[in-house]
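Asks: My structure file data35.csv, CSV, C-alpha atoms and all ligand atoms, is below:
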```
chain,number,residue,atom,x,y,z
N,20,MET,CA,0.0,0.0,0.0
N,21,ILE,CA,2.8,2.4,0.9
N,22,ASN,CA,4.6,1.6,-2.4
N,23,ARG,CA,1.4,2.3,-4.3
N,24,ALA,CA,1.1,5.7,-2.5
N,25,ILE,CA,4.7,6.6,-3.2
N,26,GLU,CA,4.1,5.8,-6.9
N,27,LEU,CA,0.9,7.8,-7.1
N,28,ILE,CA,2.6,10.8,-5.5
N,29,ARG,CA,5.5,10.6,-7.9
N,30,LYS,CA,3.3,10.3,-11.0
N,31,SER,CA,0.6,12.8,-10.0
N,32,THR,CA,0.5,16.0,-12.1
N,33,ARG,CA,-2.1,17.9,-10.2
N,34,PRO,CA,-1.8,17.0,-6.5
N,35,VAL,CA,-3.5,18.9,-3.7
N,36,ILE,CA,-3.0,18.6,0.1
N,37,PHE,CA,-5.9,18.8,2.6
N,38,THR,CA,-5.1,18.9,6.3
N,39,GLY,CA,-6.8,19.0,9.7
N,40,ALA,CA,-5.9,19.2,13.3
N,41,GLY,CA,-4.1,15.8,13.3
N,42,MET,CA,-1.5,17.3,11.0
N,43,SER,CA,-0.3,19.4,13.9
N,44,ARG,CA,-0.7,16.9,16.7
N,45,GLU,CA,3.0,15.8,16.6
N,46,SER,CA,4.0,19.5,16.8
N,47,GLY,CA,2.2,19.7,20.1
N,48,MET,CA,-1.1,21.2,19.0
N,49,ARG,CA,-4.1,19.3,20.5
N,50,THR,CA,-7.0,18.2,18.3
N,51,PHE,CA,-10.6,18.9,19.1
N,52,ARG,CA,-12.0,15.4,18.8
N,53,GLY,CA,-10.3,12.1,19.6
N,54,GLU,CA,-8.7,10.8,22.8
N,55,ASP,CA,-7.3,14.0,24.3
N,56,GLY,CA,-9.6,16.4,22.4
N,57,LEU,CA,-10.1,19.9,23.6
N,58,TRP,CA,-13.8,19.7,23.5
N,59,LYS,CA,-13.9,17.2,26.3
N,60,GLN,CA,-13.2,20.2,28.5
N,61,TYR,CA,-14.8,23.2,26.9
N,62,SER,CA,-18.1,23.9,25.1
N,63,PRO,CA,-17.4,25.0,21.5
N,64,GLU,CA,-20.5,27.2,21.4
N,65,GLN,CA,-19.3,29.2,24.4
N,66,LEU,CA,-15.7,29.5,23.4
N,67,SER,CA,-15.9,29.8,19.7
N,68,SER,CA,-18.8,32.1,18.8
N,69,ILE,CA,-19.5,35.8,18.3
N,70,SER,CA,-22.2,35.7,21.0
N,71,GLY,CA,-19.7,34.1,23.5
N,72,LEU,CA,-17.2,36.7,22.6
N,73,ARG,CA,-19.7,39.5,23.2
N,74,SER,CA,-21.1,38.1,26.4
N,75,ALA,CA,-17.9,36.8,28.0
N,76,PRO,CA,-15.0,38.4,26.1
N,77,GLU,CA,-12.5,37.8,29.0
N,78,VAL,CA,-13.3,34.0,29.2
N,79,VAL,CA,-13.1,33.6,25.4
N,80,TRP,CA,-9.9,35.6,25.1
N,81,ASN,CA,-8.3,33.6,28.0
N,82,TRP,CA,-9.0,30.5,26.1
N,83,TYR,CA,-7.4,31.9,22.9
N,84,ARG,CA,-4.4,33.2,24.9
N,85,MET,CA,-4.0,29.7,26.3
N,86,ARG,CA,-4.2,28.1,22.8
N,87,LEU,CA,-1.7,30.7,21.5
N,88,MET,CA,0.6,30.1,24.3
N,89,THR,CA,0.5,26.3,23.7
N,90,GLY,CA,1.3,27.2,20.2
N,91,GLU,CA,4.3,29.3,21.2
N,92,GLY,CA,7.5,27.5,20.5
N,93,VAL,CA,5.6,24.9,18.5
N,94,VAL,CA,7.6,24.1,15.4
N,95,PRO,CA,6.6,22.2,12.2
N,96,HIS,CA,7.5,18.5,12.5
N,97,ALA,CA,9.1,16.2,10.0
N,98,GLY,CA,5.8,15.7,8.2
N,99,TYR,CA,5.5,19.5,7.5
N,100,LYS,CA,9.1,19.5,6.2
N,101,ALA,CA,8.2,16.6,3.9
N,102,LEU,CA,5.3,18.6,2.4
N,103,THR,CA,7.5,21.7,1.9
N,104,TYR,CA,10.0,19.4,0.1
N,105,LEU,CA,7.2,17.9,-2.1
N,106,GLN,CA,5.9,21.4,-2.9
N,107,SER,CA,9.4,22.5,-4.1
N,108,LYS,CA,9.7,19.3,-6.1
N,109,LYS,CA,6.3,19.5,-7.8
N,110,GLY,CA,6.5,23.2,-8.5
N,111,LYS,CA,2.8,23.6,-7.8
N,112,LEU,CA,1.1,21.9,-4.8
N,113,PRO,CA,-1.7,23.9,-3.2
N,114,VAL,CA,-2.3,23.2,0.5
N,115,ILE,CA,-5.9,23.5,1.8
N,116,THR,CA,-6.0,23.5,5.6
N,117,GLN,CA,-8.7,23.5,8.3
N,118,ASN,CA,-6.0,24.4,10.8
N,119,VAL,CA,-5.7,27.9,12.2
N,120,ASP,CA,-2.2,27.4,13.7
N,121,GLY,CA,-0.2,28.8,10.7
N,122,LEU,CA,2.2,25.9,10.7
N,123,HIS,CA,2.1,25.3,6.9
N,124,ARG,CA,3.4,28.8,6.3
N,125,LEU,CA,5.9,28.5,9.2
N,126,ALA,CA,7.3,25.4,7.4
N,127,GLY,CA,7.9,27.6,4.4
N,128,GLN,CA,4.9,26.5,2.3
N,129,THR,CA,3.3,28.8,-0.2
N,130,ASP,CA,-0.1,28.6,-1.9
N,131,VAL,CA,-1.8,27.8,1.5
N,132,LEU,CA,-5.6,28.2,1.7
N,133,GLU,CA,-6.6,28.6,5.4
N,134,ILE,CA,-10.3,27.9,5.1
N,135,HIS,CA,-10.9,28.5,8.9
N,136,GLY,CA,-8.7,31.5,9.1
N,137,SER,CA,-5.6,32.1,11.3
N,138,MET,CA,-5.2,32.5,15.0
N,139,ARG,CA,-2.0,34.5,14.6
N,140,THR,CA,-3.9,37.7,13.8
N,141,ALA,CA,-6.9,39.6,15.2
N,142,SER,CA,-9.1,42.4,14.0
N,143,CYS,CA,-11.8,44.8,15.2
N,144,LEU,CA,-15.1,43.0,16.1
N,145,ASP,CA,-17.0,46.1,14.8
N,146,GLU,CA,-15.1,45.9,11.5
N,147,CYS,CA,-13.6,49.4,11.6
N,148,GLY,CA,-10.7,48.1,9.6
N,149,PHE,CA,-8.1,47.6,12.4
N,150,SER,CA,-6.1,44.4,12.3
N,151,THR,CA,-2.9,43.3,14.1
N,152,GLU,CA,-0.5,40.4,14.7
N,153,LEU,CA,-1.4,38.7,18.1
N,154,THR,CA,1.7,39.6,20.1
N,155,SER,CA,2.1,38.9,23.9
N,156,GLY,CA,1.8,42.7,24.4
N,157,ILE,CA,-1.7,42.7,23.0
N,158,LEU,CA,-2.6,39.7,25.0
N,159,LYS,CA,-1.4,41.2,28.3
N,160,ASN,CA,-4.7,42.7,29.4
N,161,LEU,CA,-7.8,40.8,28.3
N,162,PRO,CA,-10.0,41.3,26.4
N,163,PRO,CA,-7.9,43.3,24.0
N,164,PHE,CA,-9.6,46.4,22.6
N,165,CYS,CA,-9.4,48.1,19.2
N,166,PRO,CA,-7.1,51.1,19.5
N,167,ASP,CA,-9.0,52.9,16.8
N,168,CYS,CA,-12.7,52.6,17.9
N,169,GLY,CA,-12.7,50.9,21.3
N,170,ALA,CA,-14.6,47.7,20.3
N,171,ILE,CA,-13.3,44.3,21.4
N,172,LEU,CA,-10.8,42.6,19.1
N,173,ARG,CA,-11.6,39.2,17.6
N,174,PRO,CA,-9.3,36.4,16.5
N,175,ASP,CA,-9.2,36.1,12.7
N,176,ILE,CA,-10.6,32.6,12.7
N,177,VAL,CA,-14.0,31.5,11.5
N,178,LEU,CA,-16.2,31.3,14.6
N,179,PHE,CA,-19.3,29.2,15.1
N,180,GLY,CA,-22.3,30.5,13.2
N,181,GLU,CA,-20.0,32.5,10.8
N,182,LEU,CA,-19.7,31.9,7.1
N,183,LEU,CA,-16.4,30.5,5.8
N,184,PRO,CA,-14.4,32.9,3.6
N,185,GLN,CA,-16.3,32.4,0.3
N,186,LYS,CA,-13.4,33.0,-2.1
N,187,ILE,CA,-11.1,30.6,-0.3
N,188,ILE,CA,-13.8,27.9,-0.2
N,189,SER,CA,-14.6,28.3,-4.0
N,190,LYS,CA,-10.9,28.1,-4.8
N,191,SER,CA,-10.6,25.0,-2.7
N,192,TYR,CA,-13.6,23.3,-4.4
N,193,GLU,CA,-12.1,24.3,-7.8
N,194,LEU,CA,-8.8,22.6,-6.9
N,195,ALA,CA,-10.7,19.5,-5.6
N,196,GLU,CA,-12.7,19.3,-8.9
N,197,ASP,CA,-9.5,19.5,-10.9
N,198,CYS,CA,-6.9,17.5,-9.0
N,199,ASP,CA,-5.7,14.0,-9.8
N,200,LEU,CA,-4.6,13.3,-6.3
N,201,MET,CA,-5.6,14.6,-2.9
N,202,ILE,CA,-3.4,13.8,0.2
N,203,VAL,CA,-5.8,14.0,3.1
N,204,ILE,CA,-3.9,14.3,6.4
N,205,GLY,CA,-5.1,14.3,10.1
N,206,THR,CA,-8.8,15.2,9.6
N,207,SER,CA,-11.8,13.4,10.9
N,208,VAL,CA,-13.7,14.6,7.8
N,209,GLN,CA,-16.6,15.6,10.1
N,210,VAL,CA,-16.6,19.4,10.0
N,211,TRP,CA,-18.8,20.6,7.1
N,212,PRO,CA,-18.6,22.3,4.6
N,213,ALA,CA,-14.8,21.7,4.8
N,214,ALA,CA,-15.4,17.9,4.8
N,215,GLY,CA,-17.0,18.2,1.3
N,216,ILE,CA,-13.7,19.0,-0.2
N,217,PRO,CA,-12.2,15.5,-0.3
N,218,PHE,CA,-15.6,14.1,-1.4
N,219,ALA,CA,-15.5,16.6,-4.4
N,220,ALA,CA,-12.1,15.3,-5.3
N,221,LEU,CA,-13.5,11.7,-5.2
N,222,GLU,CA,-16.4,12.7,-7.4
N,223,ASN,CA,-14.1,14.1,-10.0
N,224,GLY,CA,-12.3,10.8,-10.2
N,225,ALA,CA,-9.2,11.7,-8.2
N,226,VAL,CA,-7.4,9.3,-5.9
N,227,ILE,CA,-7.2,10.0,-2.2
N,228,ILE,CA,-4.2,9.1,0.0
N,229,GLU,CA,-5.4,9.4,3.5
N,230,ILE,CA,-3.0,9.6,6.5
N,231,ASN,CA,-4.7,9.1,9.8
N,232,PRO,CA,-4.2,6.5,12.6
N,233,VAL,CA,-7.9,5.9,12.9
N,234,GLN,CA,-10.8,5.4,10.4
N,235,THR,CA,-12.7,8.4,9.3
N,236,GLU,CA,-15.8,9.3,7.3
N,237,LEU,CA,-14.0,8.7,4.0
N,238,PRO,CA,-15.4,5.6,2.2
N,239,ARG,CA,-13.6,2.4,1.7
N,240,SER,CA,-13.0,2.3,-2.0
N,241,ASP,CA,-10.3,1.6,-4.6
N,242,HIS,CA,-9.9,5.3,-4.9
N,243,VAL,CA,-9.1,5.8,-1.2
N,244,ILE,CA,-5.7,4.5,0.1
N,245,SER,CA,-5.8,4.8,3.8
N,246,ILE,CA,-2.5,4.7,5.6
N,247,ARG,CA,-3.1,4.3,9.3
N,248,ARG,CA,0.0,6.0,10.5
N,249,LYS,CA,1.1,9.3,12.0
N,250,ALA,CA,1.8,12.2,9.7
N,251,GLY,CA,5.2,12.9,11.0
N,252,GLU,CA,6.3,9.3,10.7
N,253,ILE,CA,5.0,8.5,7.2
N,254,LEU,CA,5.2,11.7,5.1
N,255,PRO,CA,9.0,11.8,4.9
N,256,LEU,CA,8.9,8.3,3.5
N,257,LEU,CA,6.1,9.0,1.1
N,258,VAL,CA,7.8,11.9,-0.5
N,259,GLY,CA,11.2,10.2,-0.8
N,260,LEU,CA,13.0,12.1,1.9
N,261,GLU,CA,13.5,8.8,3.8
N,262,GLU,CA,14.2,5.3,2.5
N,263,LYS,CA,11.7,2.5,3.2
N,264,THR,CA,13.4,0.0,5.5
N,301,LIG,P1,-10.5,16.7,14.4
N,301,LIG,O1,-10.0,17.1,15.7
N,301,LIG,O2,-11.9,16.5,14.1
N,301,LIG,O3,-9.8,15.3,13.9
N,301,LIG,C1,-8.4,15.1,14.0
N,301,LIG,C2,-8.0,13.9,13.3
N,301,LIG,O4,-6.6,13.8,13.3
N,301,LIG,C3,-8.6,12.6,14.0
N,301,LIG,O5,-9.2,11.8,13.0
N,301,LIG,C4,-7.3,11.9,14.5
N,301,LIG,O6,-7.4,10.5,14.4
N,301,LIG,C5,-6.2,12.4,13.5
N,301,LIG,N1,-4.9,12.4,14.1
N,301,LIG,C6,-4.4,12.5,15.4
N,301,LIG,N2,-3.1,12.5,15.4
N,301,LIG,C7,-2.7,12.3,14.2
N,301,LIG,C8,-1.4,12.2,13.6
N,301,LIG,N3,-0.3,12.3,14.3
N,301,LIG,N4,-1.2,12.1,12.2
N,301,LIG,C9,-2.4,12.0,11.4
N,301,LIG,N5,-3.6,12.1,11.9
N,301,LIG,C10,-3.8,12.3,13.3
N,301,LIG,O7,-9.8,17.7,13.3
N,301,LIG,P2,-10.4,18.4,12.0
N,301,LIG,O8,-10.9,17.3,11.1
N,301,LIG,O9,-9.3,19.3,11.5
N,301,LIG,O10,-11.6,19.3,12.5
N,301,LIG,C11,-11.5,20.1,13.6
N,301,LIG,C12,-11.7,21.6,13.5
N,301,LIG,O11,-11.0,22.2,14.5
N,301,LIG,C13,-11.0,22.1,12.2
N,301,LIG,O12,-12.0,22.9,11.6
N,301,LIG,C14,-9.9,23.1,12.7
N,301,LIG,O13,-10.1,24.4,12.2
N,301,LIG,C15,-10.0,23.2,14.2
N,301,LIG,N6,-8.8,22.9,14.9
N,301,LIG,C16,-7.6,23.4,14.5
N,301,LIG,C17,-6.4,23.1,15.2
N,301,LIG,C18,-5.1,23.7,14.8
N,301,LIG,O14,-5.1,24.7,14.1
N,301,LIG,N7,-4.0,23.0,15.0
N,301,LIG,C19,-6.5,22.3,16.4
N,301,LIG,C20,-7.7,21.8,16.8
N,301,LIG,C21,-8.9,22.1,16.1
N,302,ZN,ZN,-12.2,49.2,15.7
```
Take the structure from the file and write it as structure tokens.
Replies:
Amino acid sequence: MINRAIELIRKSTRPVIFTGAGMSRESGMRTFRGEDGLWKQYSPEQLSSISGLRSAPEVVWNWYRMRLMTGEGVVPHAGYKALTYLQSKKGKLPVITQNVDGLHRLAGQTDVLEIHGSMRTASCLDECGFSTELTSGILKNLPPFCPDCGAILRPDIVLFGELLPQKIISKSYELAEDCDLMIVIGTSVQVWPAAGIPFAALENGAVIIEINPVQTELPRSDHVISIRRKAGEILPLLVGLEEKT
């Protein structure tokens, strides 16, 4: 199976990457679902919504500060480096990610579509146009306020009840409808509409190589090669950075 995957990656002319929280697990970022998932402790509606942000901004911002701090010093693991290498080898390799941790860019990848936004920046909740990098200075007193109009700041991620960035979603579906291979890494394929992206690739006749230690919502089919391993372990081997032993 691994040999088939290596061959498919080598031959593919229009590959696309699609990642979720599991891609960052080995860099130390926790996933939401699964064994040690974050949602076992916190309610998503409270922590990740505009209404939560308006009614309890301090609680919500404390949670983001905690997540950002867990993200501090987090560096892309060997699997990220393997994707950067593959991107340079292929010339064109778009990366669609559900992650908000910015690790694909930090690993030096370009052409990254962050469909759920990024937690590394924040902007004015009242949309006056102010936007900033989230530095420790800004996170010192919570909640942080907009220096231009005094409203609360919001993290630049898609919150519950919000629409996804339409242009980025359309571009992602275009890529899915045109690719010959999609490498789907570390996602439970449960969060819609993002989860529709690998299904669009399958419908267009593309092959999927899935990397995830556990079974997901993707169907069992000749077009889905599921490698039940961790991203950091298997990706270097799949792209030819490591020899198969
Ligand atoms: P999810 O939490 O629903 O699922 C994570 C998947 O990763 C699971 O299927 C798990 O088996 C798999 N996994 C765990 N360790 C892995 C490893 N080492 N290698 C490969 N796979 C591994 O994640 P999701 O599907 O991305 O959906 C969750 C939503 O939460 C996303 O929308 C995302 O925006 C957000 N989120 C982002 C981050 C982040 O930015 N790092 C972290 C948590 C959640
Ligand atoms: Zn403002």
Asks: What residues have any atom no more than 6 Å from ligand ZN 302 (chain N) when counting all atoms listed in the file, and can you list them as a list in words?
Replies: Cys143, Asp145, Cys147, Phe149, Cys165, Asp167, Cys168, Gly169 and Ala170 of chain N
Asks: Within 6 Å of ligand LIG 301 (chain N) (counting all atoms listed in the file), which residues show up? I'd like them as a PDB file with C-alpha atoms, in the coordinates of the input.
Replies:
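Listing of part-v9.pdb after writing:
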```pdb
ATOM      1  CA  GLY N  39      -6.800  19.000   9.700  1.00  0.00           C
ATOM      2  CA  ALA N  40      -5.900  19.200  13.300  1.00  0.00           C
ATOM      3  CA  GLY N  41      -4.100  15.800  13.300  1.00  0.00           C
ATOM      4  CA  MET N  42      -1.500  17.300  11.000  1.00  0.00           C
ATOM      5  CA  SER N  43      -0.300  19.400  13.900  1.00  0.00           C
ATOM      6  CA  ARG N  44      -0.700  16.900  16.700  1.00  0.00           C
ATOM      7  CA  GLU N  45       3.000  15.800  16.600  1.00  0.00           C
ATOM      8  CA  MET N  48      -1.100  21.200  19.000  1.00  0.00           C
ATOM      9  CA  ARG N  49      -4.100  19.300  20.500  1.00  0.00           C
ATOM     10  CA  THR N  50      -7.000  18.200  18.300  1.00  0.00           C
ATOM     11  CA  PHE N  51     -10.600  18.900  19.100  1.00  0.00           C
ATOM     12  CA  ARG N  52     -12.000  15.400  18.800  1.00  0.00           C
ATOM     13  CA  GLY N  53     -10.300  12.100  19.600  1.00  0.00           C
ATOM     14  CA  GLN N 117      -8.700  23.500   8.300  1.00  0.00           C
ATOM     15  CA  ASN N 118      -6.000  24.400  10.800  1.00  0.00           C
ATOM     16  CA  VAL N 119      -5.700  27.900  12.200  1.00  0.00           C
ATOM     17  CA  ASP N 120      -2.200  27.400  13.700  1.00  0.00           C
ATOM     18  CA  HIS N 135     -10.900  28.500   8.900  1.00  0.00           C
ATOM     19  CA  ILE N 204      -3.900  14.300   6.400  1.00  0.00           C
ATOM     20  CA  GLY N 205      -5.100  14.300  10.100  1.00  0.00           C
ATOM     21  CA  THR N 206      -8.800  15.200   9.600  1.00  0.00           C
ATOM     22  CA  SER N 207     -11.800  13.400  10.900  1.00  0.00           C
ATOM     23  CA  VAL N 208     -13.700  14.600   7.800  1.00  0.00           C
ATOM     24  CA  VAL N 210     -16.600  19.400  10.000  1.00  0.00           C
ATOM     25  CA  ILE N 230      -3.000   9.600   6.500  1.00  0.00           C
ATOM     26  CA  ASN N 231      -4.700   9.100   9.800  1.00  0.00           C
ATOM     27  CA  PRO N 232      -4.200   6.500  12.600  1.00  0.00           C
ATOM     28  CA  VAL N 233      -7.900   5.900  12.900  1.00  0.00           C
ATOM     29  CA  LYS N 249       1.100   9.300  12.000  1.00  0.00           C
ATOM     30  CA  ALA N 250       1.800  12.200   9.700  1.00  0.00           C
TER      31      ALA N 250
END
```
Asks: What lies within 12 Å of region 180-195 of chain N using all atoms listed in the file, ignoring chain neighbours under 5 positions off, as a PDB file with C-alpha atoms, keeping the file's coordinate frame?
Replies:
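part_1.pdb, freshly written:
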```pdb
ATOM      1  CA  ARG N  33      -2.100  17.900 -10.200  1.00  0.00           C
ATOM      2  CA  PRO N  34      -1.800  17.000  -6.500  1.00  0.00           C
ATOM      3  CA  VAL N  35      -3.500  18.900  -3.700  1.00  0.00           C
ATOM      4  CA  ILE N  36      -3.000  18.600   0.100  1.00  0.00           C
ATOM      5  CA  PHE N  37      -5.900  18.800   2.600  1.00  0.00           C
ATOM      6  CA  PRO N  63     -17.400  25.000  21.500  1.00  0.00           C
ATOM      7  CA  GLU N  64     -20.500  27.200  21.400  1.00  0.00           C
ATOM      8  CA  GLN N  65     -19.300  29.200  24.400  1.00  0.00           C
ATOM      9  CA  SER N  67     -15.900  29.800  19.700  1.00  0.00           C
ATOM     10  CA  SER N  68     -18.800  32.100  18.800  1.00  0.00           C
ATOM     11  CA  ILE N  69     -19.500  35.800  18.300  1.00  0.00           C
ATOM     12  CA  SER N  70     -22.200  35.700  21.000  1.00  0.00           C
ATOM     13  CA  GLY N  71     -19.700  34.100  23.500  1.00  0.00           C
ATOM     14  CA  LYS N 111       2.800  23.600  -7.800  1.00  0.00           C
ATOM     15  CA  LEU N 112       1.100  21.900  -4.800  1.00  0.00           C
ATOM     16  CA  PRO N 113      -1.700  23.900  -3.200  1.00  0.00           C
ATOM     17  CA  VAL N 114      -2.300  23.200   0.500  1.00  0.00           C
ATOM     18  CA  ILE N 115      -5.900  23.500   1.800  1.00  0.00           C
ATOM     19  CA  THR N 116      -6.000  23.500   5.600  1.00  0.00           C
ATOM     20  CA  GLN N 117      -8.700  23.500   8.300  1.00  0.00           C
ATOM     21  CA  ASP N 130      -0.100  28.600  -1.900  1.00  0.00           C
ATOM     22  CA  VAL N 131      -1.800  27.800   1.500  1.00  0.00           C
ATOM     23  CA  LEU N 132      -5.600  28.200   1.700  1.00  0.00           C
ATOM     24  CA  GLU N 133      -6.600  28.600   5.400  1.00  0.00           C
ATOM     25  CA  ILE N 134     -10.300  27.900   5.100  1.00  0.00           C
ATOM     26  CA  HIS N 135     -10.900  28.500   8.900  1.00  0.00           C
ATOM     27  CA  GLY N 136      -8.700  31.500   9.100  1.00  0.00           C
ATOM     28  CA  SER N 137      -5.600  32.100  11.300  1.00  0.00           C
ATOM     29  CA  ASP N 175      -9.200  36.100  12.700  1.00  0.00           C
ATOM     30  CA  LEU N 200      -4.600  13.300  -6.300  1.00  0.00           C
ATOM     31  CA  MET N 201      -5.600  14.600  -2.900  1.00  0.00           C
ATOM     32  CA  ILE N 202      -3.400  13.800   0.200  1.00  0.00           C
ATOM     33  CA  VAL N 203      -5.800  14.000   3.100  1.00  0.00           C
ATOM     34  CA  VAL N 210     -16.600  19.400  10.000  1.00  0.00           C
ATOM     35  CA  TRP N 211     -18.800  20.600   7.100  1.00  0.00           C
ATOM     36  CA  PRO N 212     -18.600  22.300   4.600  1.00  0.00           C
ATOM     37  CA  ALA N 213     -14.800  21.700   4.800  1.00  0.00           C
ATOM     38  CA  ALA N 214     -15.400  17.900   4.800  1.00  0.00           C
ATOM     39  CA  GLY N 215     -17.000  18.200   1.300  1.00  0.00           C
ATOM     40  CA  ILE N 216     -13.700  19.000  -0.200  1.00  0.00           C
ATOM     41  CA  PRO N 217     -12.200  15.500  -0.300  1.00  0.00           C
ATOM     42  CA  PHE N 218     -15.600  14.100  -1.400  1.00  0.00           C
ATOM     43  CA  ALA N 219     -15.500  16.600  -4.400  1.00  0.00           C
ATOM     44  CA  ALA N 220     -12.100  15.300  -5.300  1.00  0.00           C
ATOM     45  CA  LEU N 221     -13.500  11.700  -5.200  1.00  0.00           C
ATOM     46  CA  GLU N 222     -16.400  12.700  -7.400  1.00  0.00           C
ATOM     47  CA  ASN N 223     -14.100  14.100 -10.000  1.00  0.00           C
ATOM     48  CA  GLY N 224     -12.300  10.800 -10.200  1.00  0.00           C
ATOM     49  CA  ALA N 225      -9.200  11.700  -8.200  1.00  0.00           C
ATOM     50  CA  VAL N 226      -7.400   9.300  -5.900  1.00  0.00           C
ATOM     51  CA  ILE N 227      -7.200  10.000  -2.200  1.00  0.00           C
TER      52      ILE N 227
END
```
Asks: Using CA of Val258 (chain N) and CA of Arg29 (chain N) as the two end points, give the distance in Å to one decimal.
Replies: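 Atom-to-atom, CA of Val258 (chain N) and CA of Arg29 (chain N) are spaced 7.9 Å apart.
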Asks: Please measure the separation of CA of Tyr83 (chain N) and CA of Tyr99 (chain N), giving the value in Å to one decimal.
Replies: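 Result for CA of Tyr83 (chain N) versus CA of Tyr99 (chain N): 23.6 Å, one decimal.
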Asks: Between N:Ser31, N:Tyr104, N:Leu122, N:Ala141, which residue has the minimum interatomic distance to Cys198 (chain N), considering all atoms listed in the file?
Replies: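 Distance minimum relative to Cys198 (chain N) lands on N:Ser31.
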Asks: Hey, can you check how far CA of Ala24 (chain N) sits from CA of Gly110 (chain N)?
Replies: 19.3 Å
Asks: Restricting the calculation to all atoms listed in the file, which member of N:Met138, N:Leu256, N:Ile244, N:Leu102 is positioned closest to Arg86 (chain N)?
Replies: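 Distance minimum relative to Arg86 (chain N) lands on N:Met138.
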Asks: Kindly extract all protein, DNA and RNA residues lying within 9 Å of the coordinates (-13.9, 40.7, 25.1) given in the file, considering all atoms listed in the file, and supply them as a PDB file with C-alpha atoms, in the frame of the given file.
Replies:
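Okay, this is what ended up in point-v5.pdb:
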```pdb
ATOM      1  CA  GLY N  71     -19.700  34.100  23.500  1.00  0.00           C
ATOM      2  CA  LEU N  72     -17.200  36.700  22.600  1.00  0.00           C
ATOM      3  CA  ARG N  73     -19.700  39.500  23.200  1.00  0.00           C
ATOM      4  CA  SER N  74     -21.100  38.100  26.400  1.00  0.00           C
ATOM      5  CA  ALA N  75     -17.900  36.800  28.000  1.00  0.00           C
ATOM      6  CA  PRO N  76     -15.000  38.400  26.100  1.00  0.00           C
ATOM      7  CA  GLU N  77     -12.500  37.800  29.000  1.00  0.00           C
ATOM      8  CA  VAL N  78     -13.300  34.000  29.200  1.00  0.00           C
ATOM      9  CA  VAL N  79     -13.100  33.600  25.400  1.00  0.00           C
ATOM     10  CA  TRP N  80      -9.900  35.600  25.100  1.00  0.00           C
ATOM     11  CA  LEU N 161      -7.800  40.800  28.300  1.00  0.00           C
ATOM     12  CA  PRO N 162     -10.000  41.300  26.400  1.00  0.00           C
ATOM     13  CA  PRO N 163      -7.900  43.300  24.000  1.00  0.00           C
ATOM     14  CA  PHE N 164      -9.600  46.400  22.600  1.00  0.00           C
ATOM     15  CA  ALA N 170     -14.600  47.700  20.300  1.00  0.00           C
ATOM     16  CA  ILE N 171     -13.300  44.300  21.400  1.00  0.00           C
ATOM     17  CA  LEU N 172     -10.800  42.600  19.100  1.00  0.00           C
ATOM     18  CA  ARG N 173     -11.600  39.200  17.600  1.00  0.00           C
TER      19      ARG N 173
END
```
Asks: Taking into account all atoms listed in the file, which residue in the set N:Val93, N:Leu153, N:Ile21, N:Val177 is nearest to Ala126 (chain N)?
Replies: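 With all atoms listed in the file as the atom set, the closest residue is N:Val93.
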Asks: Which of these, N:Ala97, N:Leu125, N:Leu158, N:Leu105, has the shortest distance to Ile25 (chain N) once you count all atoms listed in the file?
Replies: N:Leu105
